[in-house]
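Dumped run.cif below, it's mmCIF, C-alpha atoms:
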data_structure
loop_
_atom_site.label_atom_id
_atom_site.label_comp_id
_atom_site.auth_asym_id
_atom_site.auth_seq_id
_atom_site.Cartn_x
_atom_site.Cartn_y
_atom_site.Cartn_z
CA MET R 1 33.60 0.71 35.61
CA ALA R 2 33.21 1.19 31.86
CA ALA R 3 29.78 1.11 30.31
CA ALA R 4 28.89 -1.91 28.20
CA GLY R 5 30.38 -1.66 24.73
CA ASP R 6 32.83 1.08 25.64
CA GLY R 7 35.74 -1.29 26.15
CA PRO R 8 38.90 0.24 27.57
CA TRP R 9 38.18 3.73 26.21
CA LEU R 10 35.94 4.98 29.06
CA ASP R 11 36.00 4.54 32.81
CA ASP R 12 33.29 5.99 35.08
CA ALA R 13 35.77 7.13 37.72
CA ALA R 14 38.58 8.34 35.48
CA GLY R 15 36.61 9.41 32.41
CA ARG R 16 38.07 8.99 28.92
CA LEU R 17 41.27 6.96 29.12
CA VAL R 18 42.45 8.02 25.67
CA ARG R 19 42.76 11.73 24.96
CA PRO R 20 40.41 12.78 22.14
CA PHE R 21 43.16 14.14 19.90
CA THR R 22 45.02 10.84 20.14
CA VAL R 23 42.11 9.38 18.16
CA SER R 24 42.86 11.74 15.26
CA ASN R 25 46.66 11.43 15.61
CA GLY R 26 46.78 15.03 16.80
CA ARG R 27 45.16 16.38 13.64
CA THR R 28 42.73 19.23 14.14
CA GLU R 29 41.86 20.03 10.51
CA PRO R 30 39.63 17.73 8.48
CA SER R 31 40.64 17.27 4.85
CA ILE R 32 37.15 18.37 3.69
CA ALA R 33 34.78 21.06 4.92
CA LEU R 34 32.12 19.57 7.18
CA ASP R 35 29.39 21.51 8.93
CA LEU R 36 27.88 20.14 12.16
CA MET R 37 24.63 19.72 10.25
CA SER R 38 26.24 18.03 7.24
CA GLN R 39 24.76 14.62 6.55
CA VAL R 40 27.11 11.65 6.23
CA MET R 41 26.26 8.15 5.03
CA ALA R 42 28.19 4.96 4.41
CA THR R 43 28.75 4.10 0.75
CA GLY R 44 29.07 0.38 1.33
CA SER R 45 32.69 0.39 0.12
CA THR R 46 35.25 -1.26 2.37
CA PRO R 47 37.89 1.26 3.48
CA LEU R 48 41.43 0.40 2.45
CA GLY R 49 44.17 0.42 5.05
CA TYR R 50 44.02 0.46 8.83
CA LEU R 51 41.32 2.44 10.55
CA GLY R 52 41.09 2.77 14.31
CA PRO R 53 38.17 1.61 16.43
CA GLU R 54 36.60 5.08 16.37
CA HIS R 55 36.60 5.04 12.57
CA ALA R 56 34.77 1.70 12.65
CA GLN R 57 32.27 3.03 15.21
CA ALA R 58 31.65 6.15 13.11
CA LEU R 59 31.17 4.08 9.97
CA ASP R 60 28.69 1.85 11.79
CA LEU R 61 26.70 4.92 12.91
CA CYS R 62 26.50 6.13 9.31
CA ARG R 63 24.56 3.19 7.85
CA ALA R 64 21.68 5.66 7.47
CA PRO R 65 22.13 9.41 6.87
CA VAL R 66 23.17 11.12 10.09
CA SER R 67 24.52 14.56 10.97
CA VAL R 68 28.12 15.18 11.98
CA ALA R 69 26.85 16.49 15.34
CA GLU R 70 24.98 13.23 16.03
CA VAL R 71 28.05 11.15 15.23
CA ALA R 72 30.14 13.29 17.61
CA ALA R 73 27.55 12.86 20.36
CA HIS R 74 27.38 9.08 19.94
CA LEU R 75 31.18 8.77 19.89
CA LYS R 76 31.50 11.15 22.86
CA LEU R 77 34.23 13.03 20.99
CA PRO R 78 34.70 16.74 20.28
CA ALA R 79 33.21 17.85 16.97
CA VAL R 80 36.61 18.75 15.49
CA VAL R 81 37.97 15.25 16.21
CA THR R 82 34.83 13.69 14.75
CA LYS R 83 35.18 15.82 11.61
CA VAL R 84 38.74 14.54 11.16
CA LEU R 85 37.59 10.91 11.54
CA LEU R 86 34.71 11.41 9.11
CA SER R 87 36.93 13.18 6.57
CA ASP R 88 39.31 10.18 6.72
CA LEU R 89 36.35 7.93 5.87
CA VAL R 90 35.28 10.21 3.02
CA ASP R 91 38.85 10.27 1.68
CA CYS R 92 38.96 6.46 1.52
CA GLY R 93 35.54 6.26 -0.15
CA ALA R 94 33.67 4.71 2.79
CA LEU R 95 31.43 7.75 3.40
CA THR R 96 29.64 10.29 1.31
CA THR R 97 28.58 13.73 2.53
CA LYS R 98 25.76 16.10 1.77
CA PRO R 99 25.74 19.72 2.94
CA PRO R 100 22.86 20.82 5.14
CA VAL R 101 19.75 21.95 3.30
CA PHE R 102 18.07 25.10 4.54
CA HIS R 103 14.49 25.65 3.46
CA HIS R 104 14.56 29.16 4.80
CA ASN R 105 16.86 32.13 4.85
CA PRO R 106 18.88 31.75 8.09
CA THR R 107 19.22 35.55 8.29
CA ASP R 108 15.52 36.17 7.72
CA ARG R 109 14.59 39.05 10.03
CA SER R 110 11.22 37.58 11.07
CA LEU R 111 12.87 34.28 11.98
CA LEU R 112 15.54 36.01 14.06
CA GLU R 113 12.90 38.14 15.81
CA ALA R 114 10.84 35.03 16.63
CA VAL R 115 13.92 33.37 18.16
CA LEU R 116 14.71 36.51 20.15
CA ASP R 117 11.09 36.71 21.41
CA GLY R 118 11.24 33.06 22.48
CA LEU R 119 14.50 33.64 24.35
CA ARG R 120 13.07 36.70 26.12
CA ARG R 121 10.06 34.68 27.30
CA GLN R 122 12.44 32.11 28.81
CA LEU R 123 14.22 34.76 30.89
#

Written form, structure tokens:
Amino acid sequence: MAAAGDGPWLDDAAGRLVRPFTVSNGRTEPSIALDLMSQVMATGSTPLGYLGPEHAQALDLCRAPVSVAEVAAHLKLPAVVTKVLLSDLVDCGALTTKPPVFHHNPTDRSLLEAVLDGLRRQL
């Protein structure tokens, strides 16, 4: 049985009834560069033309700034498919994006050593 709000797209026994790449019409490349940590937010503009139900769901999730990874998780779609959907919404002016902001150097040696130490303690 499908979960509430999932409609015909999910079934507990069968799983996803529509293949993920059907959602993006088989496209695997977004029209803009999006990182998993990129923030997306609705602009308030109404998208022109037909958008599928996943586009509408994604747009609804983006009322407040949210990361691409979070949208993918909520939609239960692969990140690459989600990036295509979000890039469609950016192209039609319904979403705006902001690259992730790093307040540190991601290749900082002390940071990498701290992560490595933490991983070693877990093993």

Would you kindly return, as a PyMOL selection string, each protein, DNA or RNA residue with an atom no farther than 9 Å from any atom of Leu34 (chain R), considering only C-alpha atoms and excluding same-chain residues fewer than 3 positions away?
chain R and resi 30+37-39+68+83+86-87+97+99

Given all atoms listed in the file as the basis, pick out the residue of R:Leu119, R:Cys92, R:Pro53, R:Leu36 nearest to Val71 (chain R).
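Nearest to Val71 (chain R): R:Leu36.
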
Separation of CA of Pro100 (chain R) from CA of His55 (chain R) in Å
22.2 Å

Residues selected by the PyMOL selection byres ((chain R and resi 72) around 10), written as a ChimeraX atom specification:
/R:36,58,67-71,73-83,85-86

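Of the residues under consideration (R:Gly49, R:Asp88, R:Arg109, R:Leu123), R:Asp88 shows the shortest atom-to-atom contact distance to Ser31 (chain R) when counting all atoms listed in the file.
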
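Atom pair CA of Asp60 (chain R) / CA of Ser45 (chain R): separated by 12.4 Å.
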
The PyMOL selection byres ((chain R and resi 64) around 10) - which residues does that actually catch in the file I just gave you? List them as number ranges by chain.
R: 39-43, 59-63, 65-67

Calculate how many Å separate CA of Gly93 (chain R) from CA of Ala56 (chain R), rounding to one decimal.
13.6 Å

In terms of the shortest atom-to-atom distance over all atoms listed in the file, which of R:Leu116, R:Ile32, R:Gly52, R:Gln122 is closest to Asp91 (chain R)?
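Comparing R:Leu116, R:Ile32, R:Gly52, R:Gln122 against Asp91 (chain R), the winner is R:Ile32.
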
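Using only C-alpha atoms, the shortest contact distance between Asp35 (chain R) and any of R:Thr107, R:Lys98, R:Tyr50, R:Leu89 is found at R:Lys98.
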